[in-house]
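Enquirer: Let me begin by handing over the structure; questions about it come next.
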Amino acid sequence: MQVSRRRFLTLAGATTASVTMVAPLEAFYARVANGEVSRGVGFGPLRPKLPANAAELTNTILGDLSREPLLALPPGFNYRTLSITGQTMSDGSKVPAGHDGMAAFPGPNNTILLVRNHELSTSLPATYNYPVSGTNRYSTTSLGGTTTLVVGRNRELVKDFVSLAGTRTNCAGGGTPWGSWISCEETFSTTISANNAIVKHGYNFEVYANANSGIVNPIPLKDMGRFSHEAIAVDPKTGYIYETEDRGDSCIYRFVPRVVEEGKKAKQLQLGDLQKGGTLYALKIKGAENFALITTNNPNLPVPGKGGQPGRIKVGQEFEVEWIKVDNPDPDFTDSNDTANSLGKPESVRGQAQAKGAAIFFRGEGAFYGNNKIYFVATQAGTPAFDNARGNGQVWEYNPRKETLKLLVEASSAGDLLDEPDNVVVTPFGDLILCEDGGGEQYLVGVTQKGKLYHFAKNVLFANSTDAAIKDQFADNEFAGACFSPSGKTLFVNIQTPGITFAIWGPWTSNPD
């Protein structure tokens, strides 16, 4: 049976002899003891519990789940499942697999609208292999897209349907103040559609959050850049859109809509404005032409020989930034070797940006606006993990008013409190909630405004199974798409495999941190 790093830490910390048995571990535990990451109290200890609608879960693609705890939560919190892969939706199609990024919007008659990504490419997983169905597809051979859920005032599913079809690897994205979801393709590829036309991927698409939208017209927002997109965050005060990129030498981007450049106020932005184009910029640290080589705090990243220095950037350290223009946001080439382990070609969006001194972040993922800041995640940056050359993740904070960037959180080498964060959301009370996508157990991790970390929820689906393969497939599967209802009373979140959406509620004001 595979032992997760957290389980390893529990075992290794059981006796003094365990800590002192070898020099590398001795140094490793010393770093943890010195408080590289500060533990908060959070909302209390986590306990597995059944969903409020457990009785409805007797016939799912995983069998009878009516007596199976799916989440572990603090005292006073409850949850229900809303949508599981394979269930029949209101439009007659099946709930697709690969639940990922998501946002919540106010709907009619006190309902809540959820727009949810499905991270599927051109082939389906061996099991739970439900594509995004429907016509009006961007590419006939791509299986990703989005679905829209209408949730009632009692957190019960009222309606669900496909809202974007034929896109590829829709990972995360972000909501806009004007009531739409920007769905991001995390790929830089092409497909061949049914009419033998070559279809380029690597774009953002806008989906109107509407209870009766049906499948929207899939229009790629080309000026926002063609690259391996992950997430976006809109600054409601300026209308600027910040974008992350999931590659080893990724950059952070800012898109200024053309209508804003022409004088339109941020609060006047509406659906369709982004289709009118704009200008793409990349973040650069002022006075640091080669800062790209040291953002990771890891000598192995982005690639060995061109990495950072452990501890070079301190938590809380602040840098002044500026923005450099990307001359060609829609490059016309395809790089089949463009992966998280490769450096971008000079003509790629990030290659163009780096030629002008743009900073590099290792695997930019989640992004969110809150507390008048933009938060984004570098999921595997940081000091090398004790069991991996890559790190356990960083969280950065950008202040758009001051034009400064700060390293807010860097996970310890242990990964005991934080292990490869992905999506991020700012809570109504100012904390961050991070969705883990690491090794072993998966948590929702809170970050207080004082920088303390705590575990808020844990995926426990089949956690007690004696079958290690089943446990690894489900209990160790990532959280994604965390978002709060407009009222702030309900946290919605997904487990990607087999694909389950949850609604969580409870005493949100009880956190003593």
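In the structure tokens, the first chain shown is A, the next is B, and so on; residue numbers restart at 1 for each chain, and ligands run from 1 in the order shown.
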Using only C-alpha atoms, what does the table of region 258-310 of chain A residues within 10 Å of region 322-332 of chain A look like, with each row giving the shortest atom pair and its distance in Å to one decimal, sorted by chain and ascending number, as JSON lines?

Expert:
```
{"residue": "A:Thr279", "atom": "CA", "partner": "A:Lys325", "partner_atom": "CA", "distance": 7.5}
{"residue": "A:Leu280", "atom": "CA", "partner": "A:Val326", "partner_atom": "CA", "distance": 5.6}
{"residue": "A:Tyr281", "atom": "CA", "partner": "A:Lys325", "partner_atom": "CA", "distance": 4.3}
{"residue": "A:Ala282", "atom": "CA", "partner": "A:Ile324", "partner_atom": "CA", "distance": 5.3}
{"residue": "A:Leu283", "atom": "CA", "partner": "A:Trp323", "partner_atom": "CA", "distance": 4.8}
{"residue": "A:Lys284", "atom": "CA", "partner": "A:Glu322", "partner_atom": "CA", "distance": 5.3}
{"residue": "A:Ile285", "atom": "CA", "partner": "A:Glu322", "partner_atom": "CA", "distance": 6.4}
{"residue": "A:Lys286", "atom": "CA", "partner": "A:Glu322", "partner_atom": "CA", "distance": 6.1}
{"residue": "A:Gly287", "atom": "CA", "partner": "A:Glu322", "partner_atom": "CA", "distance": 9.6}
```

Enquirer: Keeping only N, CA and C atoms, write the selected residues as a PDB file, in the first residue's frame.

Expert:
```
ATOM      1  N   THR A 279      -5.741  44.191 -25.385  1.00  0.00           N
ATOM      2  CA  THR A 279      -4.289  44.090 -25.386  1.00  0.00           C
ATOM      3  C   THR A 279      -3.840  43.200 -24.241  1.00  0.00           C
ATOM      4  N   LEU A 280      -2.893  42.302 -24.545  1.00  0.00           N
ATOM      5  CA  LEU A 280      -2.368  41.356 -23.563  1.00  0.00           C
ATOM      6  C   LEU A 280      -0.993  41.806 -23.079  1.00  0.00           C
ATOM      7  N   TYR A 281      -0.809  41.762 -21.758  1.00  0.00           N
ATOM      8  CA  TYR A 281       0.462  42.122 -21.146  1.00  0.00           C
ATOM      9  C   TYR A 281       0.929  40.980 -20.239  1.00  0.00           C
ATOM     10  N   ALA A 282       2.220  40.973 -19.910  1.00  0.00           N
ATOM     11  CA  ALA A 282       2.785  39.998 -18.976  1.00  0.00           C
ATOM     12  C   ALA A 282       3.473  40.731 -17.834  1.00  0.00           C
ATOM     13  N   LEU A 283       3.461  40.100 -16.660  1.00  0.00           N
ATOM     14  CA  LEU A 283       4.029  40.709 -15.457  1.00  0.00           C
ATOM     15  C   LEU A 283       5.555  40.634 -15.481  1.00  0.00           C
ATOM     16  N   LYS A 284       6.177  41.731 -15.107  1.00  0.00           N
ATOM     17  CA  LYS A 284       7.638  41.818 -14.999  1.00  0.00           C
ATOM     18  C   LYS A 284       7.995  42.464 -13.672  1.00  0.00           C
ATOM     19  N   ILE A 285       9.010  41.936 -13.007  1.00  0.00           N
ATOM     20  CA  ILE A 285       9.523  42.553 -11.787  1.00  0.00           C
ATOM     21  C   ILE A 285      10.409  43.723 -12.172  1.00  0.00           C
ATOM     22  N   LYS A 286      10.135  44.880 -11.625  1.00  0.00           N
ATOM     23  CA  LYS A 286      10.921  46.059 -11.975  1.00  0.00           C
ATOM     24  C   LYS A 286      12.388  45.866 -11.620  1.00  0.00           C
ATOM     25  N   GLY A 287      13.250  46.169 -12.592  1.00  0.00           N
ATOM     26  CA  GLY A 287      14.683  46.131 -12.349  1.00  0.00           C
ATOM     27  C   GLY A 287      15.273  44.749 -12.264  1.00  0.00           C
TER      28      GLY A 287
END
```

Enquirer: Excluding Ser193 (chain A) and residues on its chain fewer than 2 positions from it, collect all residues at most 8 Å away from it, counting only C-alpha atoms, and give them as an MDAnalysis selection string.

Expert: chainID A and resid 139:141 191 195:199

Enquirer: Which of these residues is nearest to Pro106 (chain A), using only C-alpha atoms: A:Asn392, A:Ser180, A:Asn399, A:Thr509?

Expert: A:Ser180

Enquirer: As a PyMOL selection string, please: the residues near Ile495 (chain A) (cut-off 6 Å, only C-alpha atoms, same-chain neighbours under 4 positions excluded).

Expert: chain A and resi 478-479+499-500

Enquirer: Quick one: contact table of region 54-125 of chain A to region 430-445 of chain A, 10 Å max, nearest atom pair and distance in Å to one decimal per residue, counting only C-alpha atoms, chain and number order, as a tab-separated table?

Expert:
```
residue	atom	partner	partner_atom	distance
A:Leu71	CA	A:Tyr443	CA	9.6
A:Ala72	CA	A:Tyr443	CA	9.3
A:Leu73	CA	A:Leu444	CA	9.9
```

Enquirer: Kindly save the residues from that selection, with N, CA and C atoms included, as a short mmCIF file (atom, residue, chain, number, x, y, z; two decimals), in the first residue's frame.

Expert:
```cif
data_model
loop_
_atom_site.label_atom_id
_atom_site.label_comp_id
_atom_site.auth_asym_id
_atom_site.auth_seq_id
_atom_site.Cartn_x
_atom_site.Cartn_y
_atom_site.Cartn_z
N LEU A 71 -17.25 13.31 2.57
CA LEU A 71 -16.41 14.39 3.06
C LEU A 71 -16.25 14.29 4.57
N ALA A 72 -15.11 14.78 5.06
CA ALA A 72 -14.92 15.02 6.48
C ALA A 72 -14.92 16.53 6.69
N LEU A 73 -15.73 16.99 7.66
CA LEU A 73 -15.92 18.42 7.88
C LEU A 73 -15.80 18.76 9.36
#
```

Enquirer: Considering only C-alpha atoms, give me a table of residues in region 72-138 of chain A that are at most 12 Å from region 230-235 of chain A, with the closest atom pair and distance in Å for each, as a Markdown table.

Expert:
```
| residue | atom | partner | partner_atom | distance |
| --- | --- | --- | --- | --- |
| A:Asp100 | CA | A:Glu230 | CA | 10.7 |
| A:Gly101 | CA | A:Ala231 | CA | 8.3 |
| A:Met102 | CA | A:Ala231 | CA | 10.3 |
| A:Ala103 | CA | A:Ala233 | CA | 11.3 |
| A:Asn117 | CA | A:Ala231 | CA | 11.3 |
| A:Glu119 | CA | A:Glu230 | CA | 10.9 |
```

Enquirer: Next, the residues of the selection above should be written as a short mmCIF file (atom, residue, chain, number, x, y, z; two decimals), in the first residue's frame with C-alpha atoms.

Expert:
```cif
data_model
loop_
_atom_site.label_atom_id
_atom_site.label_comp_id
_atom_site.auth_asym_id
_atom_site.auth_seq_id
_atom_site.Cartn_x
_atom_site.Cartn_y
_atom_site.Cartn_z
CA ASP A 100 -13.22 21.20 -12.48
CA GLY A 101 -13.37 25.01 -12.21
CA MET A 102 -16.67 26.62 -11.29
CA ALA A 103 -18.34 29.88 -10.26
CA ASN A 117 -16.00 23.14 -16.34
CA GLU A 119 -11.69 18.89 -18.10
#
```

Enquirer: Pick out the residues sitting within 12 Å of Ser38 (chain A), and hand them over as a ChimeraX atom specification; count only C-alpha atoms, and ignore anything fewer than 3 positions along from it in its own chain.

Expert: /A:31-35,41-42,315,409-412,416-418,446-454,513

Enquirer: List as a list in words the protein and nucleic acid residues near Pro428 (chain A), meaning an atom at most 9 Å away when only C-alpha atoms are counted, but skip any in the same chain fewer than 6 places from it.

Expert: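 The contact residues come out as Gly370, Phe484, Ser487, Gly488, Lys489 and Trp508 of chain A.
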
Enquirer: Using the selection just defined, write its residues with C-alpha atoms as a PDB file, in the first residue's frame.

Expert:
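File part31.pdb, as written:
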```
ATOM      1  CA  GLY A 370     -10.799  39.415  -3.234  1.00  0.00           C
ATOM      2  CA  PHE A 484     -19.216  30.730  -2.597  1.00  0.00           C
ATOM      3  CA  SER A 487     -25.013  35.245  -0.118  1.00  0.00           C
ATOM      4  CA  GLY A 488     -21.753  33.794   1.205  1.00  0.00           C
ATOM      5  CA  LYS A 489     -23.612  31.076   3.104  1.00  0.00           C
ATOM      6  CA  TRP A 508     -18.756  30.298   8.848  1.00  0.00           C
TER       7      TRP A 508
END
```

Enquirer: Using only C-alpha atoms, which residues sit within 9 Å of Ser93 (chain A) once same-chain residues fewer than 5 positions away are excluded, as a list in words?

Expert: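 Non-adjacent residues within range: Gly86, Gln87, Thr88, Val132, Ser133, Gly134, Phe161 and Val162 of chain A.
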
Enquirer: Please, what distance in Å, to one decimal, runs between CA of Pro131 (chain A) and CA of Thr148 (chain A)?

Expert: 14.8 Å

Enquirer: I'd like the neighbourhood of Ala381 (chain A) as a PyMOL selection string, where a residue qualifies if any of its atoms comes within 7 Å (using only C-alpha atoms), though same-chain residues fewer than 4 positions away should be ignored.

Expert: chain A and resi 296+298+362+390-394

Enquirer: Would you output that residue set with N, CA, C and O atoms, as a tab-separated table (two decimals), in the first residue's frame?

Expert:
```tsv
chain	number	residue	atom	x	y	z
A	296	THR	N	10.94	30.57	-8.30
A	296	THR	CA	10.49	29.26	-7.84
A	296	THR	C	11.03	28.86	-6.47
A	296	THR	O	10.49	27.94	-5.85
A	298	ASN	N	13.50	27.11	-6.06
A	298	ASN	CA	13.80	25.69	-6.26
A	298	ASN	C	14.81	25.55	-7.39
A	298	ASN	O	14.57	26.02	-8.50
A	362	PHE	N	6.29	28.70	-11.65
A	362	PHE	CA	6.18	27.29	-12.01
A	362	PHE	C	4.74	26.81	-11.87
A	362	PHE	O	4.22	26.70	-10.78
A	390	ARG	N	10.19	18.63	-7.22
A	390	ARG	CA	9.33	19.79	-7.27
A	390	ARG	C	8.90	20.20	-5.87
A	390	ARG	O	9.04	19.45	-4.92
A	391	GLY	N	8.34	21.40	-5.77
A	391	GLY	CA	7.89	21.88	-4.48
A	391	GLY	C	6.44	21.54	-4.22
A	391	GLY	O	5.77	20.88	-5.03
A	392	ASN	N	5.95	22.02	-3.09
A	392	ASN	CA	4.56	21.76	-2.68
A	392	ASN	C	3.64	22.96	-2.88
A	392	ASN	O	2.50	22.93	-2.45
A	393	GLY	N	4.16	24.02	-3.53
A	393	GLY	CA	3.27	25.09	-3.91
A	393	GLY	C	3.51	26.43	-3.26
A	393	GLY	O	4.02	26.52	-2.13
A	394	GLN	N	3.14	27.48	-3.98
A	394	GLN	CA	3.20	28.85	-3.49
A	394	GLN	C	1.87	29.55	-3.77
A	394	GLN	O	1.16	29.20	-4.71
```

Enquirer: Name the residues of region 62-259 of chain A that come out as helix (DSSP H, G or I) in a backbone DSSP run; write them as an MDAnalysis selection string.

Expert: chainID A and resid 108:110 222:224 258:259

Enquirer: Hey, can you spit out that residue selection with N, CA and C atoms as a tab-separated table (two decimals), in the first residue's frame?

Expert:
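Result written to again-v7.tsv:
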```
chain	number	residue	atom	x	y	z
A	108	PRO	N	-32.65	33.55	-11.04
A	108	PRO	CA	-34.01	34.04	-10.83
A	108	PRO	C	-34.68	33.37	-9.65
A	109	ASN	N	-35.58	34.09	-9.00
A	109	ASN	CA	-36.40	33.53	-7.91
A	109	ASN	C	-35.55	32.96	-6.77
A	110	ASN	N	-34.49	33.69	-6.40
A	110	ASN	CA	-33.61	33.30	-5.28
A	110	ASN	C	-32.87	31.99	-5.53
A	222	LYS	N	-9.60	35.42	-28.74
A	222	LYS	CA	-8.22	35.25	-29.21
A	222	LYS	C	-7.25	36.27	-28.64
A	223	ASP	N	-7.70	37.50	-28.43
A	223	ASP	CA	-6.78	38.52	-27.91
A	223	ASP	C	-6.37	38.28	-26.46
A	224	MET	N	-7.11	37.40	-25.77
A	224	MET	CA	-6.73	37.04	-24.40
A	224	MET	C	-5.55	36.07	-24.38
A	258	ARG	N	-10.52	46.07	-25.11
A	258	ARG	CA	-10.46	47.25	-25.98
A	258	ARG	C	-11.48	48.30	-25.57
A	259	VAL	N	-12.65	47.85	-25.14
A	259	VAL	CA	-13.68	48.83	-24.76
A	259	VAL	C	-13.23	49.64	-23.54
```

Enquirer: To one decimal in Å, tell me the separation between CA of Ile294 (chain A) and CA of Glu243 (chain A).

Expert: 20.6 Å

Enquirer: To one decimal place, how far is CA of Glu261 (chain A) from CA of Thr244 (chain A) in Å?

Expert: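 It comes out at 21.7 Å.
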